[in-house]
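Structure file target_10.pdb with PDB, C-alpha atoms:
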```
ATOM      1  CA  MET A   1     -10.418 -23.906   1.648  1.00  0.00           C
ATOM      2  CA  THR A   2     -10.359 -23.660   5.436  1.00  0.00           C
ATOM      3  CA  GLU A   3     -10.450 -20.351   7.289  1.00  0.00           C
ATOM      4  CA  ILE A   4      -6.843 -20.859   8.404  1.00  0.00           C
ATOM      5  CA  GLN A   5      -5.636 -21.473   4.810  1.00  0.00           C
ATOM      6  CA  ILE A   6      -7.431 -18.292   3.702  1.00  0.00           C
ATOM      7  CA  GLU A   7      -5.860 -16.322   6.567  1.00  0.00           C
ATOM      8  CA  ILE A   8      -2.411 -17.646   5.574  1.00  0.00           C
ATOM      9  CA  ILE A   9      -2.894 -16.272   2.018  1.00  0.00           C
ATOM     10  CA  GLY A  10      -3.863 -12.920   3.551  1.00  0.00           C
ATOM     11  CA  LEU A  11      -0.830 -12.934   5.830  1.00  0.00           C
ATOM     12  CA  ILE A  12       1.550 -13.724   2.923  1.00  0.00           C
ATOM     13  CA  ALA A  13      -0.053 -10.809   1.042  1.00  0.00           C
ATOM     14  CA  ALA A  14       0.421  -8.658   4.153  1.00  0.00           C
ATOM     15  CA  VAL A  15       4.116  -9.532   4.447  1.00  0.00           C
ATOM     16  CA  LEU A  16       4.711  -8.805   0.722  1.00  0.00           C
ATOM     17  CA  THR A  17       2.970  -5.426   0.591  1.00  0.00           C
ATOM     18  CA  THR A  18       4.196  -4.281   4.010  1.00  0.00           C
ATOM     19  CA  SER A  19       7.829  -5.198   3.417  1.00  0.00           C
ATOM     20  CA  SER A  20       7.810  -3.133   0.227  1.00  0.00           C
ATOM     21  CA  PHE A  21       7.780  -0.087   2.542  1.00  0.00           C
ATOM     22  CA  MET A  22      10.964  -1.181   4.292  1.00  0.00           C
ATOM     23  CA  PRO A  23      13.417   0.028   1.583  1.00  0.00           C
ATOM     24  CA  GLN A  24      11.855   3.506   1.811  1.00  0.00           C
ATOM     25  CA  VAL A  25      12.213   3.626   5.602  1.00  0.00           C
ATOM     26  CA  TYR A  26      15.786   2.286   5.341  1.00  0.00           C
ATOM     27  CA  LYS A  27      16.699   4.821   2.632  1.00  0.00           C
ATOM     28  CA  ILE A  28      15.402   7.784   4.663  1.00  0.00           C
ATOM     29  CA  TRP A  29      17.149   6.437   7.771  1.00  0.00           C
ATOM     30  CA  LYS A  30      20.484   5.933   5.971  1.00  0.00           C
ATOM     31  CA  LEU A  31      20.502   9.154   3.925  1.00  0.00           C
ATOM     32  CA  LYS A  32      19.047  11.142   6.842  1.00  0.00           C
ATOM     33  CA  SER A  33      17.013  12.799   4.107  1.00  0.00           C
ATOM     34  CA  SER A  34      13.415  12.427   3.068  1.00  0.00           C
ATOM     35  CA  ASP A  35      13.459  14.762   0.068  1.00  0.00           C
ATOM     36  CA  GLY A  36      12.250  12.024  -2.260  1.00  0.00           C
ATOM     37  CA  VAL A  37       8.970  11.422  -0.473  1.00  0.00           C
ATOM     38  CA  SER A  38       5.921  13.637  -0.244  1.00  0.00           C
ATOM     39  CA  LEU A  39       4.520  14.440   3.232  1.00  0.00           C
ATOM     40  CA  SER A  40       0.968  14.913   1.964  1.00  0.00           C
ATOM     41  CA  MET A  41       1.112  11.511   0.259  1.00  0.00           C
ATOM     42  CA  TYR A  42       2.127   9.810   3.490  1.00  0.00           C
ATOM     43  CA  LEU A  43      -0.496  11.668   5.575  1.00  0.00           C
ATOM     44  CA  PHE A  44      -3.087  10.594   3.010  1.00  0.00           C
ATOM     45  CA  MET A  45      -1.874   7.021   3.078  1.00  0.00           C
ATOM     46  CA  PHE A  46      -1.691   6.972   6.879  1.00  0.00           C
ATOM     47  CA  THR A  47      -5.345   8.042   7.156  1.00  0.00           C
ATOM     48  CA  GLY A  48      -6.243   5.243   4.735  1.00  0.00           C
ATOM     49  CA  VAL A  49      -4.249   2.695   6.731  1.00  0.00           C
ATOM     50  CA  VAL A  50      -6.030   3.734   9.969  1.00  0.00           C
ATOM     51  CA  MET A  51      -9.365   3.163   8.198  1.00  0.00           C
ATOM     52  CA  TRP A  52      -8.217  -0.225   6.842  1.00  0.00           C
ATOM     53  CA  PHE A  53      -7.224  -1.159  10.410  1.00  0.00           C
ATOM     54  CA  LEU A  54     -10.718  -0.236  11.625  1.00  0.00           C
ATOM     55  CA  TYR A  55     -12.266  -2.151   8.705  1.00  0.00           C
ATOM     56  CA  GLY A  56     -10.111  -5.192   9.560  1.00  0.00           C
ATOM     57  CA  ILE A  57     -11.468  -5.155  13.137  1.00  0.00           C
ATOM     58  CA  LEU A  58     -15.060  -4.835  11.853  1.00  0.00           C
ATOM     59  CA  ILE A  59     -14.775  -7.763   9.407  1.00  0.00           C
ATOM     60  CA  ASP A  60     -12.614  -9.713  11.875  1.00  0.00           C
ATOM     61  CA  SER A  61      -9.690 -10.218   9.477  1.00  0.00           C
ATOM     62  CA  VAL A  62      -6.329 -10.957  11.144  1.00  0.00           C
ATOM     63  CA  ALA A  63      -4.468 -10.298   7.857  1.00  0.00           C
ATOM     64  CA  VAL A  64      -6.025  -6.843   7.292  1.00  0.00           C
ATOM     65  CA  ILE A  65      -5.519  -5.842  10.955  1.00  0.00           C
ATOM     66  CA  SER A  66      -1.865  -6.933  11.154  1.00  0.00           C
ATOM     67  CA  ALA A  67      -0.858  -5.607   7.700  1.00  0.00           C
ATOM     68  CA  ASN A  68      -2.224  -2.158   8.456  1.00  0.00           C
ATOM     69  CA  PHE A  69      -0.886  -2.071  12.010  1.00  0.00           C
ATOM     70  CA  VAL A  70       2.679  -2.646  10.756  1.00  0.00           C
ATOM     71  CA  ALA A  71       2.207  -0.358   7.712  1.00  0.00           C
ATOM     72  CA  GLY A  72       0.892   2.376  10.010  1.00  0.00           C
ATOM     73  CA  ILE A  73       3.970   2.185  12.254  1.00  0.00           C
ATOM     74  CA  LEU A  74       6.330   2.304   9.233  1.00  0.00           C
ATOM     75  CA  GLN A  75       4.462   5.320   7.870  1.00  0.00           C
ATOM     76  CA  LEU A  76       4.610   7.092  11.227  1.00  0.00           C
ATOM     77  CA  ILE A  77       8.399   6.591  11.149  1.00  0.00           C
ATOM     78  CA  ILE A  78       8.542   8.127   7.637  1.00  0.00           C
ATOM     79  CA  ILE A  79       6.284  11.046   8.678  1.00  0.00           C
ATOM     80  CA  TYR A  80       8.415  11.597  11.817  1.00  0.00           C
ATOM     81  CA  PHE A  81      11.621  11.771   9.747  1.00  0.00           C
ATOM     82  CA  LYS A  82       9.902  13.992   7.211  1.00  0.00           C
ATOM     83  CA  LEU A  83       8.931  16.510   9.917  1.00  0.00           C
ATOM     84  CA  LYS A  84      12.206  16.203  11.872  1.00  0.00           C
ATOM     85  CA  LEU A  85      14.539  16.512   8.875  1.00  0.00           C
ATOM     86  CA  LYS A  86      12.599  19.369   7.310  1.00  0.00           C
TER      87      LYS A  86
ATOM     88  CA  MET B   1     -22.992  -1.453  12.351  1.00  0.00           C
ATOM     89  CA  THR B   2     -24.577  -2.864   9.217  1.00  0.00           C
ATOM     90  CA  GLU B   3     -22.597  -4.748   6.585  1.00  0.00           C
ATOM     91  CA  ILE B   4     -23.052  -1.860   4.151  1.00  0.00           C
ATOM     92  CA  GLN B   5     -21.684   0.697   6.645  1.00  0.00           C
ATOM     93  CA  ILE B   6     -18.668  -1.540   7.245  1.00  0.00           C
ATOM     94  CA  GLU B   7     -18.113  -1.901   3.488  1.00  0.00           C
ATOM     95  CA  ILE B   8     -18.280   1.926   3.102  1.00  0.00           C
ATOM     96  CA  ILE B   9     -15.468   2.316   5.688  1.00  0.00           C
ATOM     97  CA  GLY B  10     -13.438  -0.227   3.718  1.00  0.00           C
ATOM     98  CA  LEU B  11     -14.107   1.579   0.436  1.00  0.00           C
ATOM     99  CA  ILE B  12     -13.063   4.971   1.893  1.00  0.00           C
ATOM    100  CA  ALA B  13      -9.878   3.268   3.134  1.00  0.00           C
ATOM    101  CA  ALA B  14      -9.426   1.808  -0.371  1.00  0.00           C
ATOM    102  CA  VAL B  15      -9.794   5.209  -2.063  1.00  0.00           C
ATOM    103  CA  LEU B  16      -7.296   6.820   0.358  1.00  0.00           C
ATOM    104  CA  THR B  17      -4.550   4.201   0.081  1.00  0.00           C
ATOM    105  CA  THR B  18      -5.025   3.631  -3.660  1.00  0.00           C
ATOM    106  CA  SER B  19      -5.023   7.316  -4.603  1.00  0.00           C
ATOM    107  CA  SER B  20      -1.726   7.755  -2.784  1.00  0.00           C
ATOM    108  CA  PHE B  21      -0.186   5.838  -5.725  1.00  0.00           C
ATOM    109  CA  MET B  22      -1.529   8.333  -8.262  1.00  0.00           C
ATOM    110  CA  PRO B  23       1.148  11.045  -7.716  1.00  0.00           C
ATOM    111  CA  GLN B  24       3.839   8.427  -8.397  1.00  0.00           C
ATOM    112  CA  VAL B  25       2.186   7.321 -11.647  1.00  0.00           C
ATOM    113  CA  TYR B  26       1.668  10.969 -12.663  1.00  0.00           C
ATOM    114  CA  LYS B  27       5.271  11.881 -11.844  1.00  0.00           C
ATOM    115  CA  ILE B  28       6.683   9.016 -13.930  1.00  0.00           C
ATOM    116  CA  TRP B  29       4.292   9.869 -16.784  1.00  0.00           C
ATOM    117  CA  LYS B  30       5.204  13.578 -16.710  1.00  0.00           C
ATOM    118  CA  LEU B  31       8.961  13.228 -16.255  1.00  0.00           C
ATOM    119  CA  LYS B  32       9.086  10.227 -18.598  1.00  0.00           C
ATOM    120  CA  SER B  33      11.525   8.898 -16.037  1.00  0.00           C
ATOM    121  CA  SER B  34      11.193   6.274 -13.365  1.00  0.00           C
ATOM    122  CA  ASP B  35      14.656   6.622 -11.822  1.00  0.00           C
ATOM    123  CA  GLY B  36      13.218   7.344  -8.388  1.00  0.00           C
ATOM    124  CA  VAL B  37      11.382   4.048  -8.039  1.00  0.00           C
ATOM    125  CA  SER B  38      12.746   0.568  -7.567  1.00  0.00           C
ATOM    126  CA  LEU B  39      11.594  -2.168  -9.977  1.00  0.00           C
ATOM    127  CA  SER B  40      12.110  -4.959  -7.452  1.00  0.00           C
ATOM    128  CA  MET B  41      10.006  -3.055  -4.915  1.00  0.00           C
ATOM    129  CA  TYR B  42       7.117  -2.793  -7.362  1.00  0.00           C
ATOM    130  CA  LEU B  43       7.357  -6.438  -8.451  1.00  0.00           C
ATOM    131  CA  PHE B  44       7.316  -7.397  -4.772  1.00  0.00           C
ATOM    132  CA  MET B  45       4.339  -5.142  -4.122  1.00  0.00           C
ATOM    133  CA  PHE B  46       2.501  -6.356  -7.229  1.00  0.00           C
ATOM    134  CA  THR B  47       2.788  -9.987  -6.084  1.00  0.00           C
ATOM    135  CA  GLY B  48       1.390  -8.923  -2.716  1.00  0.00           C
ATOM    136  CA  VAL B  49      -1.492  -7.062  -4.340  1.00  0.00           C
ATOM    137  CA  VAL B  50      -2.395 -10.133  -6.447  1.00  0.00           C
ATOM    138  CA  MET B  51      -2.501 -12.190  -3.234  1.00  0.00           C
ATOM    139  CA  TRP B  52      -4.642  -9.535  -1.459  1.00  0.00           C
ATOM    140  CA  PHE B  53      -7.006  -9.662  -4.439  1.00  0.00           C
ATOM    141  CA  LEU B  54      -7.285 -13.443  -4.088  1.00  0.00           C
ATOM    142  CA  TYR B  55      -7.764 -13.066  -0.315  1.00  0.00           C
ATOM    143  CA  GLY B  56     -10.506 -10.473  -0.919  1.00  0.00           C
ATOM    144  CA  ILE B  57     -12.374 -12.968  -3.137  1.00  0.00           C
ATOM    145  CA  LEU B  58     -11.997 -15.726  -0.522  1.00  0.00           C
ATOM    146  CA  ILE B  59     -13.315 -13.593   2.372  1.00  0.00           C
ATOM    147  CA  ASP B  60     -15.881 -11.955   0.071  1.00  0.00           C
ATOM    148  CA  SER B  61     -14.754  -8.368   0.757  1.00  0.00           C
ATOM    149  CA  VAL B  62     -15.713  -5.795  -1.897  1.00  0.00           C
ATOM    150  CA  ALA B  63     -13.305  -3.217  -0.405  1.00  0.00           C
ATOM    151  CA  VAL B  64     -10.267  -5.542  -0.458  1.00  0.00           C
ATOM    152  CA  ILE B  65     -11.081  -6.775  -4.007  1.00  0.00           C
ATOM    153  CA  SER B  66     -11.612  -3.307  -5.520  1.00  0.00           C
ATOM    154  CA  ALA B  67      -8.666  -1.633  -3.712  1.00  0.00           C
ATOM    155  CA  ASN B  68      -6.237  -4.270  -4.924  1.00  0.00           C
ATOM    156  CA  PHE B  69      -7.669  -4.429  -8.434  1.00  0.00           C
ATOM    157  CA  VAL B  70      -7.049  -0.686  -8.932  1.00  0.00           C
ATOM    158  CA  ALA B  71      -3.700  -0.770  -7.095  1.00  0.00           C
ATOM    159  CA  GLY B  72      -2.622  -3.683  -9.298  1.00  0.00           C
ATOM    160  CA  ILE B  73      -3.409  -1.767 -12.502  1.00  0.00           C
ATOM    161  CA  LEU B  74      -1.522   1.333 -11.254  1.00  0.00           C
ATOM    162  CA  GLN B  75       1.462  -0.811 -10.352  1.00  0.00           C
ATOM    163  CA  LEU B  76       1.419  -2.514 -13.755  1.00  0.00           C
ATOM    164  CA  ILE B  77       1.575   0.978 -15.328  1.00  0.00           C
ATOM    165  CA  ILE B  78       4.591   1.853 -13.142  1.00  0.00           C
ATOM    166  CA  ILE B  79       6.292  -1.484 -13.949  1.00  0.00           C
ATOM    167  CA  TYR B  80       5.596  -0.969 -17.686  1.00  0.00           C
ATOM    168  CA  PHE B  81       7.185   2.510 -17.627  1.00  0.00           C
ATOM    169  CA  LYS B  82      10.078   1.197 -15.568  1.00  0.00           C
ATOM    170  CA  LEU B  83      10.816  -1.485 -18.197  1.00  0.00           C
ATOM    171  CA  LYS B  84      10.092   0.726 -21.210  1.00  0.00           C
ATOM    172  CA  LEU B  85      12.127   3.737 -20.042  1.00  0.00           C
ATOM    173  CA  LYS B  86      15.077   1.640 -18.882  1.00  0.00           C
TER     174      LYS B  86
END
```
Once more with this new file: its structure as structure tokens, please.
Amino acid sequence: MTEIQIEIIGLIAAVLTTSSFMPQVYKIWKLKSSDGVSLSMYLFMFTGVVMWFLYGILIDSVAVISANFVAGILQLIIIYFKLKLK
Amino acid sequence: MTEIQIEIIGLIAAVLTTSSFMPQVYKIWKLKSSDGVSLSMYLFMFTGVVMWFLYGILIDSVAVISANFVAGILQLIIIYFKLKLK
């Protein structure tokens, strides 16, 4: 397998796992309520995503970097709503 | 940075993002209800995690392999409860 083929598998994985956050963001946005989600869980997850992003840079993986960049932004949106709608 | 130091960063990231699934599994287990979670979302996410696992093997990353192995098992538990409690 070439490096590009491997990176494509990683990017498909990235799209699948990252887009599974979209319904949550959409739901909070639409309901203007974030009662269903836990702030501590998202702060926990956000810290993890920042570390994955760093790890992606260190191992030079485009898939890990891009997946965690997008996931981090989506989580910041959720955390923002969580704090704003409190 | 040595390879081992890099892998430790990845493993900390793995523990943080994977453990953020635990409260969901615990909640479903305790309430014996999975109304709050979407089956399609978890099937989507599970497919992504399987692809991340494969990607981890291809780029030889212990952190990516172990994070997605554990995440995959937790998601299978959620999917099982979702189908069983339907």
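For the set B:Met41, B:Met22, B:Gln5, B:Lys27, the residue with the smallest atom-to-atom gap to chain A is B:Met41, counting all atoms listed in the file.
The neighbours of segment 11-18 of chain B here are the residues that come within 10 Å of it, using all atoms listed in the file and leaving out any residue fewer than 6 positions away in the same chain; they are Met41, Tyr42, Leu43, Phe44, Met45, Phe46, Thr47, Gly48, Val49, Val50, Met51, Trp52, Phe53, Leu54 and Tyr55 of chain A; Gln5, Ser61, Val62, Ala63, Val64, Ile65, Ser66, Ala67, Asn68, Phe69, Val70, Ala71, Gly72 and Leu74 of chain B.
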TODO: Evaluate the PyMOL selection byres ((chain B and resi 24) around 12) here and jot the selected residues down as a count of residues only.
DONE: 33
Give me the least-squares superposed chain B (reference chain A; all C-alpha atoms paired in order) as an mmCIF file with C-alpha atoms, in the coordinates of the input.
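The resulting file, superposed06.cif, is shown below:
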```cif
data_model
loop_
_atom_site.group_PDB
_atom_site.id
_atom_site.type_symbol
_atom_site.label_atom_id
_atom_site.label_comp_id
_atom_site.auth_asym_id
_atom_site.auth_seq_id
_atom_site.Cartn_x
_atom_site.Cartn_y
_atom_site.Cartn_z
ATOM 1 C CA MET B 1 -10.405 -23.920 1.645
ATOM 2 C CA THR B 2 -10.354 -23.674 5.422
ATOM 3 C CA GLU B 3 -10.450 -20.358 7.264
ATOM 4 C CA ILE B 4 -6.847 -20.854 8.379
ATOM 5 C CA GLN B 5 -5.629 -21.447 4.802
ATOM 6 C CA ILE B 6 -7.430 -18.287 3.692
ATOM 7 C CA GLU B 7 -5.868 -16.318 6.562
ATOM 8 C CA ILE B 8 -2.390 -17.629 5.561
ATOM 9 C CA ILE B 9 -2.891 -16.264 2.007
ATOM 10 C CA GLY B 10 -3.867 -12.921 3.535
ATOM 11 C CA LEU B 11 -0.827 -12.925 5.824
ATOM 12 C CA ILE B 12 1.565 -13.708 2.928
ATOM 13 C CA ALA B 13 -0.055 -10.816 1.031
ATOM 14 C CA ALA B 14 0.418 -8.652 4.148
ATOM 15 C CA VAL B 15 4.124 -9.518 4.442
ATOM 16 C CA LEU B 16 4.716 -8.782 0.726
ATOM 17 C CA THR B 17 2.965 -5.407 0.586
ATOM 18 C CA THR B 18 4.192 -4.265 4.011
ATOM 19 C CA SER B 19 7.838 -5.179 3.427
ATOM 20 C CA SER B 20 7.815 -3.132 0.236
ATOM 21 C CA PHE B 21 7.776 -0.074 2.547
ATOM 22 C CA MET B 22 10.962 -1.168 4.313
ATOM 23 C CA PRO B 23 13.430 0.028 1.611
ATOM 24 C CA GLN B 24 11.866 3.502 1.820
ATOM 25 C CA VAL B 25 12.227 3.627 5.611
ATOM 26 C CA TYR B 26 15.802 2.302 5.346
ATOM 27 C CA LYS B 27 16.710 4.816 2.637
ATOM 28 C CA ILE B 28 15.423 7.776 4.670
ATOM 29 C CA TRP B 29 17.189 6.449 7.786
ATOM 30 C CA LYS B 30 20.498 5.946 5.944
ATOM 31 C CA LEU B 31 20.508 9.157 3.911
ATOM 32 C CA LYS B 32 19.044 11.141 6.815
ATOM 33 C CA SER B 33 17.012 12.779 4.083
ATOM 34 C CA SER B 34 13.413 12.416 3.057
ATOM 35 C CA ASP B 35 13.466 14.739 0.041
ATOM 36 C CA GLY B 36 12.247 11.998 -2.279
ATOM 37 C CA VAL B 37 8.964 11.406 -0.484
ATOM 38 C CA SER B 38 5.914 13.605 -0.250
ATOM 39 C CA LEU B 39 4.531 14.416 3.221
ATOM 40 C CA SER B 40 0.977 14.899 1.969
ATOM 41 C CA MET B 41 1.118 11.503 0.255
ATOM 42 C CA TYR B 42 2.107 9.799 3.498
ATOM 43 C CA LEU B 43 -0.498 11.647 5.577
ATOM 44 C CA PHE B 44 -3.094 10.602 3.003
ATOM 45 C CA MET B 45 -1.870 7.016 3.088
ATOM 46 C CA PHE B 46 -1.697 6.966 6.893
ATOM 47 C CA THR B 47 -5.352 8.039 7.158
ATOM 48 C CA GLY B 48 -6.237 5.240 4.747
ATOM 49 C CA VAL B 49 -4.254 2.696 6.748
ATOM 50 C CA VAL B 50 -6.036 3.728 9.980
ATOM 51 C CA MET B 51 -9.371 3.171 8.208
ATOM 52 C CA TRP B 52 -8.220 -0.237 6.848
ATOM 53 C CA PHE B 53 -7.239 -1.160 10.408
ATOM 54 C CA LEU B 54 -10.724 -0.238 11.633
ATOM 55 C CA TYR B 55 -12.268 -2.153 8.708
ATOM 56 C CA GLY B 56 -10.119 -5.195 9.561
ATOM 57 C CA ILE B 57 -11.485 -5.157 13.134
ATOM 58 C CA LEU B 58 -15.073 -4.838 11.864
ATOM 59 C CA ILE B 59 -14.793 -7.761 9.405
ATOM 60 C CA ASP B 60 -12.636 -9.708 11.878
ATOM 61 C CA SER B 61 -9.695 -10.206 9.488
ATOM 62 C CA VAL B 62 -6.331 -10.951 11.135
ATOM 63 C CA ALA B 63 -4.469 -10.286 7.854
ATOM 64 C CA VAL B 64 -6.031 -6.840 7.288
ATOM 65 C CA ILE B 65 -5.518 -5.835 10.963
ATOM 66 C CA SER B 66 -1.863 -6.930 11.168
ATOM 67 C CA ALA B 67 -0.860 -5.605 7.705
ATOM 68 C CA ASN B 68 -2.224 -2.158 8.470
ATOM 69 C CA PHE B 69 -0.886 -2.070 12.020
ATOM 70 C CA VAL B 70 2.684 -2.630 10.763
ATOM 71 C CA ALA B 71 2.206 -0.366 7.723
ATOM 72 C CA GLY B 72 0.886 2.364 10.026
ATOM 73 C CA ILE B 73 3.968 2.191 12.269
ATOM 74 C CA LEU B 74 6.325 2.315 9.243
ATOM 75 C CA GLN B 75 4.456 5.306 7.874
ATOM 76 C CA LEU B 76 4.601 7.087 11.234
ATOM 77 C CA ILE B 77 8.402 6.601 11.149
ATOM 78 C CA ILE B 78 8.541 8.122 7.641
ATOM 79 C CA ILE B 79 6.274 11.030 8.685
ATOM 80 C CA TYR B 80 8.409 11.608 11.819
ATOM 81 C CA PHE B 81 11.621 11.776 9.749
ATOM 82 C CA LYS B 82 9.907 13.984 7.196
ATOM 83 C CA LEU B 83 8.943 16.495 9.919
ATOM 84 C CA LYS B 84 12.198 16.207 11.872
ATOM 85 C CA LEU B 85 14.537 16.518 8.871
ATOM 86 C CA LYS B 86 12.581 19.370 7.294
#
```
Open item on the list: (-20.2, -1.8, 10.6) in this file's frame - what residues fall within 10 Å of it? Use all atoms listed in the file and give the answer as JSON, numbers by chain.
Closed with: {"A": [54, 55, 57, 58, 59], "B": [1, 2, 3, 4, 5, 6, 7, 8, 9, 10]}
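Going from atom CA of Leu76 of chain A to atom CA of Leu39 of chain A covers 10.9 Å.
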